[in-house]
>>> print(open('final_17.txt').read())   # compact mmCIF, C-alpha atoms and all ligand atoms
# COMPACT_ATOMS: atom_id res chain seq x y z
CA MET A 1 -20.62 13.12 23.35
CA LEU A 2 -20.39 14.31 26.96
CA TRP A 3 -16.66 14.20 27.16
CA GLU A 4 -13.95 14.21 24.53
CA PRO A 5 -10.47 13.12 25.58
CA PRO A 6 -7.67 15.66 25.25
CA VAL A 7 -5.51 15.10 22.18
CA GLY A 8 -1.81 14.40 22.77
CA VAL A 9 0.41 12.07 24.73
CA VAL A 10 -1.03 8.67 25.61
CA VAL A 11 0.64 7.28 28.72
CA ALA A 12 -0.91 5.82 31.84
CA GLU A 13 1.58 4.79 34.46
CA VAL A 14 1.93 4.07 38.14
CA VAL A 15 5.25 5.09 39.67
CA ILE A 16 6.17 3.72 43.08
CA VAL A 17 8.46 6.25 44.68
CA GLY A 18 10.75 5.98 47.70
CA GLY A 19 8.99 8.85 49.44
CA GLU A 20 7.21 12.16 49.14
CA SER A 21 10.29 14.16 48.24
CA GLU A 22 11.12 11.88 45.29
CA ALA A 23 7.57 12.32 43.98
CA GLY A 24 7.81 16.07 44.52
CA GLU A 25 11.06 16.28 42.53
CA LEU A 26 9.69 14.23 39.62
CA VAL A 27 6.51 16.27 39.27
CA ALA A 28 8.32 19.59 39.80
CA MET A 29 10.75 18.73 36.98
CA SER A 30 7.83 17.89 34.73
CA ILE A 31 6.12 21.22 35.49
CA ARG A 32 9.41 23.05 34.94
CA ALA A 33 9.84 21.42 31.54
CA LEU A 34 6.26 22.35 30.66
CA ILE A 35 6.83 26.03 31.55
CA GLU A 36 10.11 26.06 29.60
CA ALA A 37 8.24 24.78 26.54
CA LYS A 38 5.12 26.87 27.14
CA PRO A 39 5.71 30.02 29.23
CA ASN A 40 1.95 30.61 29.58
CA ALA A 41 1.28 27.06 30.81
CA VAL A 42 -1.92 26.50 32.77
CA LEU A 43 -1.46 24.59 36.02
CA GLY A 44 -4.26 22.80 37.85
CA LEU A 45 -3.50 23.28 41.53
CA ALA A 46 -4.60 20.98 44.33
CA THR A 47 -4.72 21.79 48.03
CA GLY A 48 -4.33 19.36 50.93
CA SER A 49 -1.06 18.03 52.33
CA THR A 50 -0.25 15.69 49.45
CA PRO A 51 0.92 18.16 46.76
CA LEU A 52 3.09 20.22 49.12
CA PRO A 53 6.33 18.35 48.21
CA VAL A 54 5.68 19.26 44.55
CA TYR A 55 5.33 22.95 45.32
CA SER A 56 8.37 23.03 47.59
CA ALA A 57 10.55 21.15 45.06
CA LEU A 58 9.46 23.54 42.31
CA ALA A 59 10.10 26.58 44.52
CA ARG A 60 13.60 25.24 45.28
CA SER A 61 14.31 24.61 41.62
CA LEU A 62 13.12 28.10 40.64
CA ALA A 63 15.29 29.65 43.36
CA GLU A 64 18.37 27.73 42.18
CA GLU A 65 17.74 28.27 38.50
CA PRO A 66 15.23 31.09 37.84
CA LEU A 67 12.68 30.81 35.07
CA ASP A 68 10.13 33.40 33.93
CA VAL A 69 6.83 32.24 35.44
CA SER A 70 5.05 35.59 35.09
CA GLN A 71 2.72 34.29 32.38
CA VAL A 72 1.86 30.99 34.07
CA HIS A 73 -1.81 30.61 34.98
CA GLY A 74 -3.21 28.49 37.77
CA PHE A 75 -6.64 27.10 38.57
CA ALA A 76 -7.44 25.60 41.96
CA LEU A 77 -9.57 22.49 42.08
CA ASP A 78 -12.01 23.57 44.73
CA GLU A 79 -13.07 25.95 47.50
CA TYR A 80 -15.27 25.92 50.58
CA VAL A 81 -18.59 27.74 50.34
CA GLY A 82 -19.42 30.51 52.78
CA LEU A 83 -16.10 31.11 54.56
CA PRO A 84 -15.49 34.80 55.29
CA GLU A 85 -13.18 36.46 52.75
CA GLY A 86 -9.55 36.09 53.81
CA HIS A 87 -10.23 33.09 56.10
CA PRO A 88 -6.80 31.43 56.49
CA GLU A 89 -8.19 27.97 55.63
CA SER A 90 -10.06 29.10 52.52
CA TYR A 91 -8.37 27.46 49.56
CA ARG A 92 -7.79 30.94 48.09
CA ALA A 93 -5.65 31.70 51.15
CA VAL A 94 -3.95 28.28 51.08
CA ILE A 95 -3.06 28.56 47.37
CA THR A 96 -1.75 32.09 47.90
CA ARG A 97 0.36 31.01 50.87
CA GLU A 98 1.67 27.69 49.62
CA VAL A 99 1.87 28.13 45.87
CA VAL A 100 1.63 31.71 44.57
CA GLY A 101 4.08 33.18 47.09
CA PRO A 102 6.77 30.45 47.07
CA LEU A 103 6.72 30.07 43.26
CA GLY A 104 6.48 33.80 42.56
CA LEU A 105 3.42 33.43 40.33
CA THR A 106 1.44 36.46 39.19
CA PRO A 107 -1.52 36.74 41.64
CA GLU A 108 -3.92 38.01 38.94
CA ASN A 109 -3.27 34.81 36.93
CA ILE A 110 -4.40 32.53 39.75
CA HIS A 111 -8.03 31.49 39.89
CA VAL A 112 -9.93 29.77 42.70
CA PRO A 113 -13.64 28.91 42.48
CA ASN A 114 -15.64 31.64 44.17
CA GLY A 115 -17.27 30.28 47.33
CA ALA A 116 -19.11 33.50 48.20
CA THR A 117 -22.77 32.68 48.79
CA ASP A 118 -24.21 35.75 47.02
CA THR A 119 -22.75 34.73 43.62
CA ILE A 120 -22.76 30.98 44.09
CA GLN A 121 -25.46 30.28 41.47
CA THR A 122 -23.22 31.45 38.63
CA ALA A 123 -19.79 30.70 40.13
CA GLY A 124 -19.50 27.25 38.51
CA ALA A 125 -20.25 28.44 34.99
CA ASP A 126 -17.95 31.46 35.47
CA TYR A 127 -15.11 29.16 36.49
CA GLU A 128 -15.58 26.85 33.52
CA GLN A 129 -15.50 29.89 31.24
CA ALA A 130 -12.29 31.18 32.83
CA ILE A 131 -10.61 27.77 32.30
CA ALA A 132 -11.72 27.72 28.67
CA GLU A 133 -10.51 31.30 28.10
CA ALA A 134 -7.07 30.36 29.48
CA GLY A 135 -6.91 27.57 26.88
CA GLY A 136 -7.60 24.64 29.21
CA ILE A 137 -5.45 23.09 31.95
CA ASP A 138 -2.12 21.60 30.83
CA ILE A 139 -1.25 19.64 33.97
CA GLN A 140 -3.65 18.88 36.79
CA ILE A 141 -2.14 17.98 40.15
CA LEU A 142 -4.45 15.75 42.18
CA GLY A 143 -4.58 14.26 45.65
CA ILE A 144 -7.24 11.78 46.66
CA GLY A 145 -9.48 11.72 49.71
CA ARG A 146 -10.16 8.64 51.82
CA THR A 147 -13.68 8.64 50.32
CA GLY A 148 -12.02 8.38 46.91
CA HIS A 149 -12.82 12.00 46.03
CA LEU A 150 -10.86 14.00 43.47
CA GLY A 151 -11.17 17.70 44.22
CA PHE A 152 -14.31 17.54 46.32
CA ASN A 153 -16.17 15.17 43.98
CA GLU A 154 -17.57 12.82 46.57
CA PRO A 155 -18.82 9.32 45.65
CA GLY A 156 -21.84 9.56 43.36
CA SER A 157 -20.43 12.50 41.37
CA SER A 158 -21.12 12.32 37.66
CA PHE A 159 -18.15 11.68 35.39
CA ALA A 160 -19.60 14.43 33.18
CA SER A 161 -19.83 16.98 36.02
CA THR A 162 -18.47 20.50 35.70
CA THR A 163 -17.69 23.06 38.41
CA ARG A 164 -20.60 23.14 40.87
CA ILE A 165 -21.68 23.01 44.49
CA LYS A 166 -21.29 19.74 46.42
CA THR A 167 -22.07 18.64 49.95
CA LEU A 168 -18.99 17.32 51.75
CA ALA A 169 -19.10 13.73 53.02
CA GLU A 170 -18.96 13.38 56.80
CA LYS A 171 -15.65 11.51 56.50
CA THR A 172 -14.17 14.43 54.53
CA ARG A 173 -15.33 16.93 57.16
CA VAL A 174 -13.70 14.80 59.85
CA ASP A 175 -10.47 14.56 57.82
CA ASN A 176 -10.39 18.32 57.18
CA ALA A 177 -11.23 19.18 60.82
CA ARG A 178 -7.46 19.29 61.43
CA PHE A 179 -7.47 22.70 59.74
CA PHE A 180 -10.46 23.99 61.73
CA ASP A 181 -11.57 23.94 65.38
CA SER A 182 -13.84 20.87 64.98
CA PRO A 183 -15.59 18.78 62.28
CA GLU A 184 -18.67 20.98 62.79
CA SER A 185 -16.71 24.11 61.86
CA VAL A 186 -15.70 22.59 58.49
CA PRO A 187 -18.10 24.08 55.92
CA MET A 188 -20.87 21.70 54.81
CA HIS A 189 -20.69 22.81 51.17
CA CYS A 190 -17.97 23.37 48.64
CA ILE A 191 -17.56 24.37 45.02
CA THR A 192 -15.39 22.00 43.03
CA GLN A 193 -14.24 21.39 39.49
CA GLY A 194 -16.28 18.45 38.23
CA LEU A 195 -14.88 15.09 37.17
CA GLY A 196 -15.68 16.17 33.61
CA THR A 197 -13.61 19.33 34.13
CA ILE A 198 -10.72 17.31 35.53
CA LEU A 199 -10.86 14.84 32.63
CA ARG A 200 -10.44 17.71 30.15
CA ALA A 201 -7.01 18.62 31.57
CA ARG A 202 -4.22 17.43 29.26
CA HIS A 203 -2.20 15.55 31.88
CA LEU A 204 -3.40 14.21 35.23
CA VAL A 205 -0.86 13.69 38.00
CA LEU A 206 -2.32 11.88 41.00
CA LEU A 207 -0.22 11.65 44.15
CA ALA A 208 -0.88 9.67 47.32
CA PHE A 209 1.22 8.84 50.36
CA GLY A 210 0.56 6.64 53.37
CA GLU A 211 -1.52 3.58 54.13
CA ALA A 212 -4.73 5.57 54.69
CA LYS A 213 -4.82 6.18 50.92
CA ALA A 214 -4.13 2.55 49.83
CA GLY A 215 -7.82 1.64 49.40
CA ALA A 216 -8.69 4.80 47.47
CA ILE A 217 -5.66 4.31 45.19
CA ALA A 218 -6.47 0.65 44.47
CA ALA A 219 -10.06 1.60 43.62
CA ALA A 220 -8.92 4.50 41.41
CA VAL A 221 -6.22 2.58 39.52
CA GLU A 222 -7.53 -0.98 39.40
CA GLY A 223 -11.19 -0.88 40.49
CA SER A 224 -14.28 -0.83 38.30
CA ILE A 225 -15.06 2.49 36.70
CA SER A 226 -17.86 3.74 38.89
CA ALA A 227 -19.31 7.01 40.14
CA SER A 228 -19.09 5.37 43.58
CA GLN A 229 -15.31 5.63 43.22
CA PRO A 230 -14.66 9.10 41.77
CA GLY A 231 -10.93 8.37 41.50
CA SER A 232 -11.67 5.65 38.93
CA ALA A 233 -12.43 8.46 36.44
CA ILE A 234 -8.66 8.60 35.81
CA GLN A 235 -8.92 5.30 33.91
CA LEU A 236 -10.78 7.19 31.17
CA HIS A 237 -7.96 9.67 30.65
CA PRO A 238 -5.21 9.08 28.08
CA HIS A 239 -2.35 10.70 30.02
CA VAL A 240 -2.22 9.88 33.70
CA THR A 241 0.71 9.59 36.06
CA VAL A 242 0.04 8.11 39.49
CA LEU A 243 2.86 8.59 42.01
CA VAL A 244 2.54 6.61 45.23
CA ASP A 245 4.80 5.56 48.06
CA GLU A 246 5.02 1.90 49.12
CA ALA A 247 2.26 2.32 51.72
CA ALA A 248 -0.22 3.95 49.35
CA ALA A 249 0.66 1.31 46.72
CA SER A 250 0.17 -1.59 49.14
CA ALA A 251 -3.34 -2.62 47.97
CA LEU A 252 -2.47 -2.66 44.24
CA THR A 253 -2.39 -6.11 42.67
CA ASN A 254 -0.42 -5.29 39.54
CA LEU A 255 2.55 -3.82 41.42
CA ALA A 256 5.23 -6.00 39.80
CA TYR A 257 4.24 -4.76 36.34
CA TYR A 258 4.24 -1.09 37.39
CA ARG A 259 7.77 -1.46 38.79
CA TYR A 260 8.93 -3.34 35.69
CA ALA A 261 7.41 -0.78 33.29
CA TRP A 262 9.00 2.12 35.20
CA ALA A 263 12.41 0.39 35.28
CA ASN A 264 12.14 -0.13 31.51
CA LYS A 265 10.60 3.24 30.65
CA PRO A 266 11.70 4.48 27.22
CA ALA A 267 14.44 7.07 27.67
CA TRP A 268 12.63 9.55 25.41
CA GLN A 269 9.37 9.40 27.32
CA ALA A 270 8.66 11.99 30.01
CA ILE A 271 6.17 11.32 32.82
C1 LIG B 301 -9.02 17.67 50.31
C2 LIG B 301 -9.05 18.35 48.93
C3 LIG B 301 -8.60 17.42 47.87
C4 LIG B 301 -7.43 16.62 48.40
C5 LIG B 301 -7.91 15.66 49.45
C6 LIG B 301 -6.81 14.92 50.18
O1 LIG B 301 -10.15 17.84 51.06
N1 LIG B 301 -10.28 18.96 48.55
O2 LIG B 301 -8.26 18.13 46.69
O3 LIG B 301 -6.82 15.89 47.37
O4 LIG B 301 -8.85 16.26 50.31
O5 LIG B 301 -6.17 15.74 51.09
P1 LIG B 301 -4.72 15.42 51.67
O6 LIG B 301 -3.79 15.58 50.53
O7 LIG B 301 -4.49 16.45 52.74
O8 LIG B 301 -4.76 14.03 52.17
>>> encode(input="final_17.txt", output="structure tokens")
Amino acid sequence: MLWEPPVGVVVAEVVIVGGESEAGELVAMSIRALIEAKPNAVLGLATGSTPLPVYSALARSLAEEPLDVSQVHGFALDEYVGLPEGHPESYRAVITREVVGPLGLTPENIHVPNGATDTIQTAGADYEQAIAEAGGIDIQILGIGRTGHLGFNEPGSSFASTTRIKTLAEKTRVDNARFFDSPESVPMHCITQGLGTILRARHLVLLAFGEAKAGAIAAAVEGSISASQPGSAIQLHPHVTVLVDEAAASALTNLAYYRYAWANKPAWQAI
């Protein structure tokens, strides 16, 4: 078998939130509860704009009511290949700036795939080994690209893929040009956790806000399972929480049921 589902909670739900801050609060509270129950919890960290409300809500909560996070581990989803060390838009720098600092995590516990070209041949296998040695990822935060990518798994990525080099889609380079001088200065290659890696995490939390993500969300949640829509891999996972605002939810057909199920969610059941 190429992929075995994680054992544990079985819940797949779509939560339509009033806005980004509501989503951030919900996910932050879930991460907080995880760390309280498991002080050495392993967090799967996403970059991009989407997860920022989660990190800021968690930072606020930790400031108001401190919790020992010194043993928490973190694994980033992806990294650009070939950026000079310390480049401010490398995902190592972004994770350090937006997550490690504000949450007060232990820097040595935070892993980012190594995008250095001289070690790139072994970087994927090394990353998989580091995840396994940490005991696997407990909660994986995910955004989704307009191409439908999770991490940097562009359409066509195998559902069994592990951490490896990918070529960024043109659309992704255009989208990420806002962090660089131009689309041409966005690296052509990246190293990303595979869809198989992501599916091994124990809980997937996919967030999306805004109309630009509506198509990718509909394909991920309700479309056919297909390598052409990497986001649809989430349908294979037993514990998925999708948090979307009204705009990102606008192309979903089963909206009434998602609202109804959330309104009638069993009191004992966490997200
Ligand atoms: C980026 C990242 C993804 C992210 C996605 C969406 O390029 N590699 O992990 O989910 O694209 O980004 P944003 O949240 O900024 O829309």
>>> residues_near_ligand(input="final_17.txt", ligand="ligand LIG 301 (chain B)", cutoff="8 Å", atoms="all atoms listed in the file", output="list in words")
Ala46, Thr47, Gly48, Ser49, Thr50, Pro51, Leu77, Asp78, Glu79, Leu142, Gly143, Ile144, Gly145, Arg146, His149, Leu150, Gly151, Phe152, Thr172, Asp175, Asn176, Ala208 and Lys213 of chain A
>>> closest_residue(input="final_17.txt", among="A:Ser161, A:Asn109, A:Gln193, A:Ser182", to="A:Thr96", atoms="all atoms listed in the file")
A:Asn109
>>> atom_distance(input="final_17.txt", atom1="atom CA of A:Thr167", atom2="atom CA of A:His189")
4.6 Å
>>> residues_around(input="final_17.txt", residues="A:Ala216", least_positions_apart="2", cutoff="7 Å", atoms="all atoms listed in the file", output="JSON, numbers by chain")
{"A": [146, 147, 148, 213, 214, 218, 219, 220]}
>>> write_last_selection(input="final_17.txt", atoms="C-alpha atoms", output="PDB file, in the frame of the given file")
ATOM      1  CA  ARG A 146     -10.160   8.640  51.820  1.00  0.00           C
ATOM      2  CA  THR A 147     -13.680   8.640  50.320  1.00  0.00           C
ATOM      3  CA  GLY A 148     -12.020   8.380  46.910  1.00  0.00           C
ATOM      4  CA  LYS A 213      -4.820   6.180  50.920  1.00  0.00           C
ATOM      5  CA  ALA A 214      -4.130   2.550  49.830  1.00  0.00           C
ATOM      6  CA  ALA A 218      -6.470   0.650  44.470  1.00  0.00           C
ATOM      7  CA  ALA A 219     -10.060   1.600  43.620  1.00  0.00           C
ATOM      8  CA  ALA A 220      -8.920   4.500  41.410  1.00  0.00           C
TER       9      ALA A 220
END
>>> axis_aligned_box(input="final_17.txt", around="stretch 154-158 of chain A", padding_each_side="4 Å", output="lines of an AutoDock Vina configuration file")
center_x = -19.7
center_y = 11.1
center_z = 42.1
size_x = 12.3
size_y = 11.5
size_z = 16.9
>>> residues_around(input="final_17.txt", residues="A:Leu26", least_positions_apart="2", cutoff="12 Å", atoms="only C-alpha atoms", output="PDB file with C-alpha atoms, in the coordinates of the input")
ATOM      1  CA  VAL A  15       5.250   5.090  39.670  1.00  0.00           C
ATOM      2  CA  ILE A  16       6.170   3.720  43.080  1.00  0.00           C
ATOM      3  CA  VAL A  17       8.460   6.250  44.680  1.00  0.00           C
ATOM      4  CA  GLY A  18      10.750   5.980  47.700  1.00  0.00           C
ATOM      5  CA  GLY A  19       8.990   8.850  49.440  1.00  0.00           C
ATOM      6  CA  GLU A  20       7.210  12.160  49.140  1.00  0.00           C
ATOM      7  CA  SER A  21      10.290  14.160  48.240  1.00  0.00           C
ATOM      8  CA  GLU A  22      11.120  11.880  45.290  1.00  0.00           C
ATOM      9  CA  ALA A  23       7.570  12.320  43.980  1.00  0.00           C
ATOM     10  CA  GLY A  24       7.810  16.070  44.520  1.00  0.00           C
ATOM     11  CA  ALA A  28       8.320  19.590  39.800  1.00  0.00           C
ATOM     12  CA  MET A  29      10.750  18.730  36.980  1.00  0.00           C
ATOM     13  CA  SER A  30       7.830  17.890  34.730  1.00  0.00           C
ATOM     14  CA  ILE A  31       6.120  21.220  35.490  1.00  0.00           C
ATOM     15  CA  ARG A  32       9.410  23.050  34.940  1.00  0.00           C
ATOM     16  CA  ALA A  33       9.840  21.420  31.540  1.00  0.00           C
ATOM     17  CA  PRO A  51       0.920  18.160  46.760  1.00  0.00           C
ATOM     18  CA  PRO A  53       6.330  18.350  48.210  1.00  0.00           C
ATOM     19  CA  VAL A  54       5.680  19.260  44.550  1.00  0.00           C
ATOM     20  CA  TYR A  55       5.330  22.950  45.320  1.00  0.00           C
ATOM     21  CA  SER A  56       8.370  23.030  47.590  1.00  0.00           C
ATOM     22  CA  ALA A  57      10.550  21.150  45.060  1.00  0.00           C
ATOM     23  CA  LEU A  58       9.460  23.540  42.310  1.00  0.00           C
ATOM     24  CA  SER A  61      14.310  24.610  41.620  1.00  0.00           C
ATOM     25  CA  VAL A 205      -0.860  13.690  38.000  1.00  0.00           C
ATOM     26  CA  LEU A 207      -0.220  11.650  44.150  1.00  0.00           C
ATOM     27  CA  THR A 241       0.710   9.590  36.060  1.00  0.00           C
ATOM     28  CA  VAL A 242       0.040   8.110  39.490  1.00  0.00           C
ATOM     29  CA  LEU A 243       2.860   8.590  42.010  1.00  0.00           C
ATOM     30  CA  VAL A 244       2.540   6.610  45.230  1.00  0.00           C
ATOM     31  CA  ALA A 270       8.660  11.990  30.010  1.00  0.00           C
ATOM     32  CA  ILE A 271       6.170  11.320  32.820  1.00  0.00           C
TER      33      ILE A 271
END
>>> atom_distance(input="final_17.txt", atom1="atom CA of A:Glu25", atom2="atom CA of A:His237")
23.4 Å
>>> residues_around(input="final_17.txt", residues="A:Gly8", least_positions_apart="6", cutoff="12 Å", atoms="only C-alpha atoms", output="PyMOL selection string")
chain A and resi 138+200-203+237-240
>>> closest_residue(input="final_17.txt", among="A:Ala212, A:Thr117, A:Asn153, A:Phe75", to="A:Gln129", atoms="all atoms listed in the file")
A:Phe75
>>> closest_residue(input="final_17.txt", among="A:Ile120, A:Thr253, A:Thr197, A:Ala177", to="A:Ala132", atoms="all atoms listed in the file")
A:Thr197
